[in-house]
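Chemist: Starting off with a structure, shown below.
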Amino acid sequence: MTTISDEEFIELWRTHNSPSKLAKILELDVRNIYSRRRSLELKYGIELAAKSKVAKPDLSTAHHHAARYKLGIVDGTVLVFSDAHFWPGDRSVAYRGLLWAINELKPNAVICNGDAFDGASISRFPRIGWDQKPSVVQELEACRSSLGEIAKTAKDARYSVKLVWPLGNHDARFENRLAQNAGEYEGVKGFTLKDHFPEWEPCWSCWPTDHVVIKHRYKNGIHATHNNTKDSGLSMVTGHLHSLKVTPWTDYTGTRFGVDSGTLSNTGAKQFVDYLEDNPTNWRSGFVVLTFVKGQMLWPELIHAHNNGTIDFRGKLIDVSKV
């Protein structure tokens with residue numbers, strides 16, 4: 001068996017694009033190759049694609065999502081959560097905290113910034129041992145229940161609230177699988193994700209103002225938030241990496257922000273346990289509060305969830321265990 005560094009493994013993968021070839025070169029079982037591939041993708045926020053006779057699903061196959069949804073916020077509050085990966089019976093501390101924040105802050109808009117739907121049973125990753133995953137129907141019901149409660153809470157708190165859902169890569173699994181394997185059914189009701197969530201406006205990106213964009217992902221890696229705002233020239237709020245942080249960037253044009261909206265799920269949730277293999281992660285559970293005054297976004301605020309049923313916000317610990 002050959003031991004190699006992360007960098008050497010990544011270089012070999014990109015050279016051969018084949019788990020079977022790497023298994024032969026490194027004298028390892030193919031399952032070990034897949035396992036390390038998953039670990040490196042999560043660790044570095046990269047994608048190690050394999051050659052396949054079937055074209056890899058592309059987000060462009062997910063239809064009926066407007067490119068941009070403009071909110072036109074001048075004064076008000078926007079709550080952004082992402083990467084809920086809702087499974088049956090999942091009611092995380094951050095989820096309860098979001099319901100609390102909606103009642104408390106009465107936001108102009110609530111943004112589900114991608115990956116509410118997990119799509120575990122239609123993942124491109126192989127099954128891990130004898131792990132049990134919920135079916136597509138069970139996941140859809142979990143999403144309907146949770147997003148329905150969020151929508152009801154938001155509408156009870158504020159009559160004119162907007163509910164927007166920029167598509168995530170996990171969300172896209174739903175339509176990608178159907179587009180690849182049942183293309184003849186295109187246009188049939190129920191074959192697009194938005195058919196199941198009519199209260200939420202689907203899009204690729206949501207723009208509270210012309211200077212702030214909210215989308216599921218742009219750059220990858222540990223410096224994604226920095227690179228997102230530096231390279232886009234705008235303040236950008238993304239999910240995908242589950243890191244929950246704010247990175248400011250200042251140049252001649254002023255100060256803007258790269259924000260990661262974390263994960264609405266518990267970081268140790270059953271959705272993640274097996275493929276993480278009990279490895280430590282730079283993940284944090286929570287969501288983001290954006291405040292706008294006269295069209296300008298103030299410094300973004302984070303609400304961080306703790307395992308003891310509390311969230312911290314503006315210098316206080318708030319018990320949301322009974323929400």
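Lettering and numbering for the structure tokens are positional, with chains as A, B, ... in the shown order, residues counted from 1 in each chain, and ligands counted from 1 in the shown order.
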Quick one: residues within 12 Å of Phe191 of chain A, only C-alpha atoms counted, chain neighbours fewer than 3 positions away excluded, as a PyMOL selection string?
Modeler: chain A and resi 62-64+172-179+181-188+194-196
Chemist: Store the residues picked out above, limited to N, CA, C and O atoms, as a PDB file, in the first residue's frame.
Modeler:
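And here's result.pdb as it stands now:
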```pdb
ATOM      1  N   ALA A  62     -31.505  21.940 -14.517  1.00  0.00           N
ATOM      2  CA  ALA A  62     -32.628  22.239 -13.636  1.00  0.00           C
ATOM      3  C   ALA A  62     -33.342  23.481 -14.170  1.00  0.00           C
ATOM      4  O   ALA A  62     -32.826  24.581 -14.087  1.00  0.00           O
ATOM      5  N   HIS A  63     -34.509  23.304 -14.744  1.00  0.00           N
ATOM      6  CA  HIS A  63     -35.191  24.380 -15.460  1.00  0.00           C
ATOM      7  C   HIS A  63     -36.122  25.185 -14.532  1.00  0.00           C
ATOM      8  O   HIS A  63     -36.319  24.880 -13.379  1.00  0.00           O
ATOM      9  N   HIS A  64     -36.695  26.214 -15.117  1.00  0.00           N
ATOM     10  CA  HIS A  64     -37.765  26.987 -14.494  1.00  0.00           C
ATOM     11  C   HIS A  64     -37.286  27.782 -13.274  1.00  0.00           C
ATOM     12  O   HIS A  64     -38.045  28.029 -12.356  1.00  0.00           O
ATOM     13  N   ALA A 172     -30.544  20.698  -6.801  1.00  0.00           N
ATOM     14  CA  ALA A 172     -30.538  20.385  -8.227  1.00  0.00           C
ATOM     15  C   ALA A 172     -30.577  18.889  -8.500  1.00  0.00           C
ATOM     16  O   ALA A 172     -30.927  18.471  -9.609  1.00  0.00           O
ATOM     17  N   ARG A 173     -30.223  18.060  -7.503  1.00  0.00           N
ATOM     18  CA  ARG A 173     -30.265  16.613  -7.707  1.00  0.00           C
ATOM     19  C   ARG A 173     -31.662  16.146  -8.120  1.00  0.00           C
ATOM     20  O   ARG A 173     -31.801  15.210  -8.909  1.00  0.00           O
ATOM     21  N   PHE A 174     -32.684  16.795  -7.573  1.00  0.00           N
ATOM     22  CA  PHE A 174     -34.057  16.378  -7.836  1.00  0.00           C
ATOM     23  C   PHE A 174     -34.355  16.403  -9.340  1.00  0.00           C
ATOM     24  O   PHE A 174     -34.777  15.410  -9.922  1.00  0.00           O
ATOM     25  N   GLU A 175     -34.105  17.553  -9.977  1.00  0.00           N
ATOM     26  CA  GLU A 175     -34.410  17.690 -11.392  1.00  0.00           C
ATOM     27  C   GLU A 175     -33.346  17.066 -12.289  1.00  0.00           C
ATOM     28  O   GLU A 175     -33.649  16.571 -13.376  1.00  0.00           O
ATOM     29  N   ASN A 176     -32.093  17.088 -11.837  1.00  0.00           N
ATOM     30  CA  ASN A 176     -31.035  16.481 -12.645  1.00  0.00           C
ATOM     31  C   ASN A 176     -31.297  14.991 -12.876  1.00  0.00           C
ATOM     32  O   ASN A 176     -31.124  14.480 -13.987  1.00  0.00           O
ATOM     33  N   ARG A 177     -31.685  14.272 -11.817  1.00  0.00           N
ATOM     34  CA  ARG A 177     -31.933  12.842 -11.948  1.00  0.00           C
ATOM     35  C   ARG A 177     -33.096  12.586 -12.923  1.00  0.00           C
ATOM     36  O   ARG A 177     -33.032  11.692 -13.772  1.00  0.00           O
ATOM     37  N   LEU A 178     -34.130  13.375 -12.795  1.00  0.00           N
ATOM     38  CA  LEU A 178     -35.285  13.207 -13.686  1.00  0.00           C
ATOM     39  C   LEU A 178     -34.935  13.582 -15.126  1.00  0.00           C
ATOM     40  O   LEU A 178     -35.343  12.902 -16.070  1.00  0.00           O
ATOM     41  N   ALA A 179     -34.175  14.672 -15.297  1.00  0.00           N
ATOM     42  CA  ALA A 179     -33.807  15.105 -16.645  1.00  0.00           C
ATOM     43  C   ALA A 179     -32.953  14.056 -17.348  1.00  0.00           C
ATOM     44  O   ALA A 179     -33.055  13.855 -18.561  1.00  0.00           O
ATOM     45  N   ASN A 181     -32.887  10.683 -16.617  1.00  0.00           N
ATOM     46  CA  ASN A 181     -33.467   9.348 -16.725  1.00  0.00           C
ATOM     47  C   ASN A 181     -34.934   9.314 -17.148  1.00  0.00           C
ATOM     48  O   ASN A 181     -35.453   8.239 -17.451  1.00  0.00           O
ATOM     49  N   ALA A 182     -35.601  10.462 -17.123  1.00  0.00           N
ATOM     50  CA  ALA A 182     -37.016  10.481 -17.511  1.00  0.00           C
ATOM     51  C   ALA A 182     -37.326  11.756 -18.275  1.00  0.00           C
ATOM     52  O   ALA A 182     -38.312  12.437 -18.006  1.00  0.00           O
ATOM     53  N   GLY A 183     -36.459  12.079 -19.231  1.00  0.00           N
ATOM     54  CA  GLY A 183     -36.596  13.329 -19.972  1.00  0.00           C
ATOM     55  C   GLY A 183     -37.915  13.463 -20.707  1.00  0.00           C
ATOM     56  O   GLY A 183     -38.378  14.579 -20.969  1.00  0.00           O
ATOM     57  N   GLU A 184     -38.536  12.313 -21.037  1.00  0.00           N
ATOM     58  CA  GLU A 184     -39.803  12.349 -21.761  1.00  0.00           C
ATOM     59  C   GLU A 184     -40.923  12.977 -20.937  1.00  0.00           C
ATOM     60  O   GLU A 184     -41.954  13.367 -21.479  1.00  0.00           O
ATOM     61  N   TYR A 185     -40.707  13.080 -19.621  1.00  0.00           N
ATOM     62  CA  TYR A 185     -41.744  13.611 -18.743  1.00  0.00           C
ATOM     63  C   TYR A 185     -41.558  15.110 -18.461  1.00  0.00           C
ATOM     64  O   TYR A 185     -42.216  15.652 -17.584  1.00  0.00           O
ATOM     65  N   GLU A 186     -40.676  15.756 -19.196  1.00  0.00           N
ATOM     66  CA  GLU A 186     -40.462  17.190 -18.999  1.00  0.00           C
ATOM     67  C   GLU A 186     -41.783  17.943 -19.133  1.00  0.00           C
ATOM     68  O   GLU A 186     -42.550  17.719 -20.073  1.00  0.00           O
ATOM     69  N   GLY A 187     -42.031  18.823 -18.184  1.00  0.00           N
ATOM     70  CA  GLY A 187     -43.255  19.620 -18.201  1.00  0.00           C
ATOM     71  C   GLY A 187     -44.387  19.027 -17.392  1.00  0.00           C
ATOM     72  O   GLY A 187     -45.384  19.705 -17.129  1.00  0.00           O
ATOM     73  N   VAL A 188     -44.253  17.766 -16.974  1.00  0.00           N
ATOM     74  CA  VAL A 188     -45.291  17.147 -16.147  1.00  0.00           C
ATOM     75  C   VAL A 188     -45.215  17.751 -14.743  1.00  0.00           C
ATOM     76  O   VAL A 188     -44.139  17.862 -14.164  1.00  0.00           O
ATOM     77  N   LYS A 194     -39.787  23.271  -7.777  1.00  0.00           N
ATOM     78  CA  LYS A 194     -40.637  24.404  -7.407  1.00  0.00           C
ATOM     79  C   LYS A 194     -42.124  24.025  -7.376  1.00  0.00           C
ATOM     80  O   LYS A 194     -42.916  24.680  -6.702  1.00  0.00           O
ATOM     81  N   ASP A 195     -42.490  22.960  -8.094  1.00  0.00           N
ATOM     82  CA  ASP A 195     -43.883  22.515  -8.064  1.00  0.00           C
ATOM     83  C   ASP A 195     -44.332  22.147  -6.652  1.00  0.00           C
ATOM     84  O   ASP A 195     -45.512  22.234  -6.324  1.00  0.00           O
ATOM     85  N   HIS A 196     -43.395  21.715  -5.829  1.00  0.00           N
ATOM     86  CA  HIS A 196     -43.714  21.240  -4.483  1.00  0.00           C
ATOM     87  C   HIS A 196     -43.651  22.351  -3.434  1.00  0.00           C
ATOM     88  O   HIS A 196     -44.050  22.128  -2.281  1.00  0.00           O
TER      89      HIS A 196
END
```
Chemist: Where does segment 105-179 of chain A meet segment 271-278 of chain A within 9 Å, residue by residue, with the nearest atom pair and distance in Å to one decimal for each, counting only C-alpha atoms, listed by chain and rising number, as a Markdown table?
Modeler:
```
| residue | atom | partner | partner_atom | distance |
| --- | --- | --- | --- | --- |
| A:Asp118 | CA | A:Gln271 | CA | 8.3 |
| A:Ala120 | CA | A:Gln271 | CA | 8.1 |
| A:Ile128 | CA | A:Asp274 | CA | 7.1 |
| A:Asp131 | CA | A:Asp274 | CA | 7.7 |
| A:Lys133 | CA | A:Gln271 | CA | 8.4 |
```
Chemist: So that I can check the surroundings of Asn169 of chain A, please list as a PyMOL selection string every protein, DNA and RNA residue that reaches within 9 Å of it, counting only C-alpha atoms and ignoring chain neighbours fewer than 4 positions away.
Modeler: chain A and resi 59+114-115+173+216-217+240
Chemist: Could you pull out the strand (DSSP E) residues of segment 39-250 of chain A from DSSP and send them as a ChimeraX atom specification?
Modeler: /A:66-70,76-81,109-112,162-166,201-209,212-215,235-238,245-250
Chemist: Include N, CA and C atoms and write out the residues we just selected as a tab-separated table (two decimals), in the first residue's frame.
Modeler:
```
chain	number	residue	atom	x	y	z
A	66	ALA	N	-35.67	31.44	-12.47
A	66	ALA	CA	-35.24	32.73	-12.99
A	66	ALA	C	-33.81	33.00	-12.53
A	67	ALA	N	-33.02	33.65	-13.38
A	67	ALA	CA	-31.62	33.89	-13.02
A	67	ALA	C	-31.51	34.77	-11.78
A	68	ARG	N	-32.23	35.88	-11.75
A	68	ARG	CA	-32.10	36.81	-10.62
A	68	ARG	C	-33.48	37.19	-10.09
A	69	TYR	N	-33.52	37.33	-8.77
A	69	TYR	CA	-34.73	37.85	-8.13
A	69	TYR	C	-34.32	39.10	-7.36
A	70	LYS	N	-34.84	40.26	-7.76
A	70	LYS	CA	-34.46	41.52	-7.13
A	70	LYS	C	-35.48	41.92	-6.08
A	76	GLY	N	-34.77	47.91	5.99
A	76	GLY	CA	-35.38	46.68	6.47
A	76	GLY	C	-34.37	45.59	6.78
A	77	THR	N	-34.89	44.39	7.01
A	77	THR	CA	-34.09	43.25	7.45
A	77	THR	C	-34.33	42.05	6.55
A	78	VAL	N	-33.26	41.33	6.26
A	78	VAL	CA	-33.34	40.09	5.48
A	78	VAL	C	-32.65	38.99	6.28
A	79	LEU	N	-33.34	37.86	6.46
A	79	LEU	CA	-32.73	36.70	7.11
A	79	LEU	C	-32.32	35.70	6.03
A	80	VAL	N	-31.10	35.19	6.16
A	80	VAL	CA	-30.57	34.23	5.18
A	80	VAL	C	-30.12	32.97	5.91
A	81	PHE	N	-30.71	31.83	5.53
A	81	PHE	CA	-30.24	30.54	6.05
A	81	PHE	C	-29.91	29.65	4.86
A	109	ALA	N	-37.73	39.91	4.14
A	109	ALA	CA	-37.56	38.72	3.31
A	109	ALA	C	-36.83	37.64	4.09
A	110	VAL	N	-37.18	36.40	3.79
A	110	VAL	CA	-36.45	35.24	4.31
A	110	VAL	C	-35.91	34.49	3.09
A	111	ILE	N	-34.59	34.27	3.08
A	111	ILE	CA	-33.94	33.64	1.94
A	111	ILE	C	-33.44	32.26	2.35
A	112	CYS	N	-33.93	31.25	1.65
A	112	CYS	CA	-33.43	29.88	1.81
A	112	CYS	C	-32.31	29.72	0.78
A	162	LYS	N	-41.25	38.49	1.72
A	162	LYS	CA	-40.85	37.75	0.52
A	162	LYS	C	-40.14	36.46	0.93
A	163	LEU	N	-40.43	35.37	0.23
A	163	LEU	CA	-39.79	34.08	0.48
A	163	LEU	C	-39.08	33.66	-0.80
A	164	VAL	N	-37.74	33.59	-0.75
A	164	VAL	CA	-36.95	33.36	-1.95
A	164	VAL	C	-36.00	32.19	-1.73
A	165	TRP	N	-35.79	31.37	-2.77
A	165	TRP	CA	-34.98	30.16	-2.66
A	165	TRP	C	-34.00	30.07	-3.82
A	166	PRO	N	-32.77	30.63	-3.68
A	166	PRO	CA	-31.73	30.39	-4.67
A	166	PRO	C	-31.34	28.90	-4.65
A	201	GLU	N	-40.12	31.55	-3.97
A	201	GLU	CA	-39.73	31.99	-5.30
A	201	GLU	C	-38.36	31.43	-5.65
A	202	PRO	N	-38.26	30.54	-6.68
A	202	PRO	CA	-36.96	29.96	-7.02
A	202	PRO	C	-36.14	30.88	-7.92
A	203	CYS	N	-34.82	30.82	-7.80
A	203	CYS	CA	-33.93	31.62	-8.63
A	203	CYS	C	-32.52	31.08	-8.49
A	204	TRP	N	-31.60	31.65	-9.22
A	204	TRP	CA	-30.19	31.33	-9.03
A	204	TRP	C	-29.54	32.29	-8.04
A	205	SER	N	-30.00	33.54	-8.04
A	205	SER	CA	-29.44	34.52	-7.11
A	205	SER	C	-30.52	35.52	-6.72
A	206	CYS	N	-30.40	36.02	-5.49
A	206	CYS	CA	-31.34	37.01	-4.97
A	206	CYS	C	-30.56	38.28	-4.65
A	207	TRP	N	-31.07	39.42	-5.13
A	207	TRP	CA	-30.37	40.70	-4.97
A	207	TRP	C	-31.22	41.64	-4.10
A	208	PRO	N	-30.90	41.77	-2.81
A	208	PRO	CA	-31.62	42.74	-1.97
A	208	PRO	C	-31.46	44.17	-2.49
A	209	THR	N	-30.22	44.52	-2.94
A	209	THR	CA	-29.95	45.79	-3.61
A	209	THR	C	-29.04	45.49	-4.79
A	212	VAL	N	-25.59	43.98	-3.39
A	212	VAL	CA	-25.55	42.78	-2.54
A	212	VAL	C	-26.20	41.63	-3.30
A	213	VAL	N	-25.51	40.49	-3.36
A	213	VAL	CA	-26.07	39.32	-4.03
A	213	VAL	C	-26.03	38.13	-3.07
A	214	ILE	N	-27.11	37.37	-3.07
A	214	ILE	CA	-27.23	36.17	-2.25
A	214	ILE	C	-27.39	34.98	-3.19
A	215	LYS	N	-26.47	34.05	-3.14
A	215	LYS	CA	-26.54	32.86	-3.98
A	215	LYS	C	-25.88	31.70	-3.25
A	235	SER	N	-20.87	42.86	-2.27
A	235	SER	CA	-21.06	42.04	-1.07
A	235	SER	C	-21.80	40.78	-1.50
A	236	MET	N	-21.34	39.63	-1.03
A	236	MET	CA	-21.93	38.37	-1.47
A	236	MET	C	-22.15	37.44	-0.27
A	237	VAL	N	-23.37	36.89	-0.20
A	237	VAL	CA	-23.72	35.93	0.84
A	237	VAL	C	-23.89	34.57	0.18
A	238	THR	N	-23.09	33.61	0.61
A	238	THR	CA	-23.16	32.26	0.05
A	238	THR	C	-23.35	31.23	1.16
A	245	LYS	N	-19.51	32.74	8.65
A	245	LYS	CA	-18.53	33.77	8.99
A	245	LYS	C	-18.72	35.00	8.09
A	246	VAL	N	-18.12	36.11	8.53
A	246	VAL	CA	-18.16	37.36	7.78
A	246	VAL	C	-16.72	37.79	7.51
A	247	THR	N	-16.42	38.07	6.24
A	247	THR	CA	-15.09	38.54	5.86
A	247	THR	C	-15.21	39.89	5.17
A	248	PRO	N	-14.72	40.97	5.79
A	248	PRO	CA	-14.79	42.28	5.14
A	248	PRO	C	-13.67	42.46	4.12
A	249	TRP	N	-13.91	43.30	3.13
A	249	TRP	CA	-12.89	43.65	2.13
A	249	TRP	C	-13.04	45.13	1.81
A	250	THR	N	-11.94	45.87	1.92
A	250	THR	CA	-11.98	47.32	1.69
A	250	THR	C	-11.00	47.69	0.59
```
Chemist: What's the separation between atom CA of Thr192 of chain A and atom CA of Asp171 of chain A, in Å to one decimal place?
Modeler: 10.3 Å
Chemist: How close does segment 19-123 of chain A get to segment 134-156 of chain A? List, as CSV, each residue of segment 19-123 of chain A within 9 Å, its nearest atom pair and the distance in Å to one decimal, counting only C-alpha atoms.
Modeler:
```
residue,atom,partner,partner_atom,distance
A:His85,CA,A:Cys143,CA,8.4
A:Phe86,CA,A:Cys143,CA,5.7
A:Trp87,CA,A:Glu139,CA,5.6
A:Pro88,CA,A:Ala142,CA,5.0
A:Gly89,CA,A:Ala142,CA,7.5
A:Asp90,CA,A:Ala142,CA,8.0
A:Arg91,CA,A:Ser146,CA,8.2
A:Tyr95,CA,A:Ser146,CA,8.7
A:Leu98,CA,A:Ile150,CA,8.1
A:Leu99,CA,A:Ile150,CA,6.5
A:Ile102,CA,A:Ala154,CA,6.0
A:Asn103,CA,A:Thr153,CA,7.1
A:Lys106,CA,A:Ala154,CA,7.1
A:Pro107,CA,A:Ala154,CA,7.6
A:Asn108,CA,A:Ala154,CA,9.0
A:Ala109,CA,A:Ala154,CA,8.3
A:Val110,CA,A:Ala154,CA,7.6
A:Cys112,CA,A:Leu147,CA,8.8
A:Ala116,CA,A:Cys143,CA,6.7
A:Phe117,CA,A:Cys143,CA,6.5
A:Asp118,CA,A:Glu139,CA,7.4
A:Gly119,CA,A:Val136,CA,6.6
A:Ala120,CA,A:Pro134,CA,7.2
A:Ser121,CA,A:Ser135,CA,6.1
A:Ile122,CA,A:Val136,CA,7.9
```
Chemist: Could you name the residues that touch segment 281-289 of chain A at 9 Å or less, counting only C-alpha atoms, but leaving out those on the same chain fewer than 3 positions away, as a CSV table (one decimal) with C-alpha atoms, in the first residue's frame?
Modeler:
```
chain,number,residue,atom,x,y,z
A,42,LEU,CA,-15.2,18.3,2.0
A,43,LYS,CA,-11.8,19.4,3.4
A,77,THR,CA,-34.1,43.3,7.4
A,78,VAL,CA,-33.3,40.1,5.5
A,79,LEU,CA,-32.7,36.7,7.1
A,80,VAL,CA,-30.6,34.2,5.2
A,81,PHE,CA,-30.2,30.5,6.0
A,82,SER,CA,-28.8,27.7,4.0
A,92,SER,CA,-32.2,21.7,14.8
A,93,VAL,CA,-31.4,24.4,17.3
A,94,ALA,CA,-30.6,26.8,14.4
A,95,TYR,CA,-34.0,26.0,12.9
A,97,GLY,CA,-33.5,30.0,16.3
A,98,LEU,CA,-34.6,31.0,12.9
A,101,ALA,CA,-35.6,35.5,14.8
A,237,VAL,CA,-23.7,35.9,0.8
A,241,LEU,CA,-19.4,25.5,2.9
A,242,HIS,CA,-21.3,25.6,6.2
A,243,SER,CA,-18.7,27.9,7.8
A,244,LEU,CA,-20.8,30.8,9.1
A,245,LYS,CA,-18.5,33.8,9.0
A,259,VAL,CA,-20.5,36.1,4.1
A,260,ASP,CA,-21.0,32.4,4.6
A,261,SER,CA,-24.5,31.6,6.0
A,262,GLY,CA,-23.5,28.4,7.7
A,263,THR,CA,-25.8,25.4,8.0
A,264,LEU,CA,-29.3,25.4,9.5
A,265,SER,CA,-28.8,21.8,10.4
A,266,ASN,CA,-26.8,20.6,13.5
A,267,THR,CA,-23.3,20.0,12.4
A,276,LEU,CA,-17.7,12.6,7.4
A,300,PRO,CA,-23.8,41.6,8.6
A,301,GLU,CA,-24.7,39.8,11.8
A,302,LEU,CA,-24.4,36.1,12.6
A,303,ILE,CA,-26.7,34.1,14.8
A,304,HIS,CA,-24.8,31.0,16.1
A,305,ALA,CA,-26.6,27.9,17.4
A,306,HIS,CA,-25.3,25.9,20.3
A,311,ILE,CA,-28.4,30.8,20.2
```
Chemist: Which residue gives the smallest distance to Val320 of chain A among A:Gln180, A:Thr253, A:Asn307, A:Ser20, with only C-alpha atoms counted?
Modeler: A:Asn307
Chemist: Can you work out the spacing between atom CA of Ile4 of chain A and atom CA of Leu40 of chain A in Å, to one decimal?
Modeler: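 Answer for the atom CA of Ile4 of chain A to atom CA of Leu40 of chain A separation: 12.9 Å.
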Chemist: Smallest atom-to-atom distance to Phe257 of chain A: which of A:Ile46, A:Leu167, A:Ala269, A:Met297, using only C-alpha atoms?
Modeler: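 Among the listed residues, A:Met297 lies closest to Phe257 of chain A.
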Chemist: Which of these residues is nearest to Arg38 of chain A, using only C-alpha atoms: A:Asn220, A:Gln132, A:Asn279, A:Asn228?
Modeler: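 Nearest to Arg38 of chain A: A:Asn279.
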Chemist: Where in segment 124-252 of chain A does DSSP assign alpha helix (DSSP H), given as a PyMOL selection string?
Modeler: chain A and resi 136-157+172-181+224-232
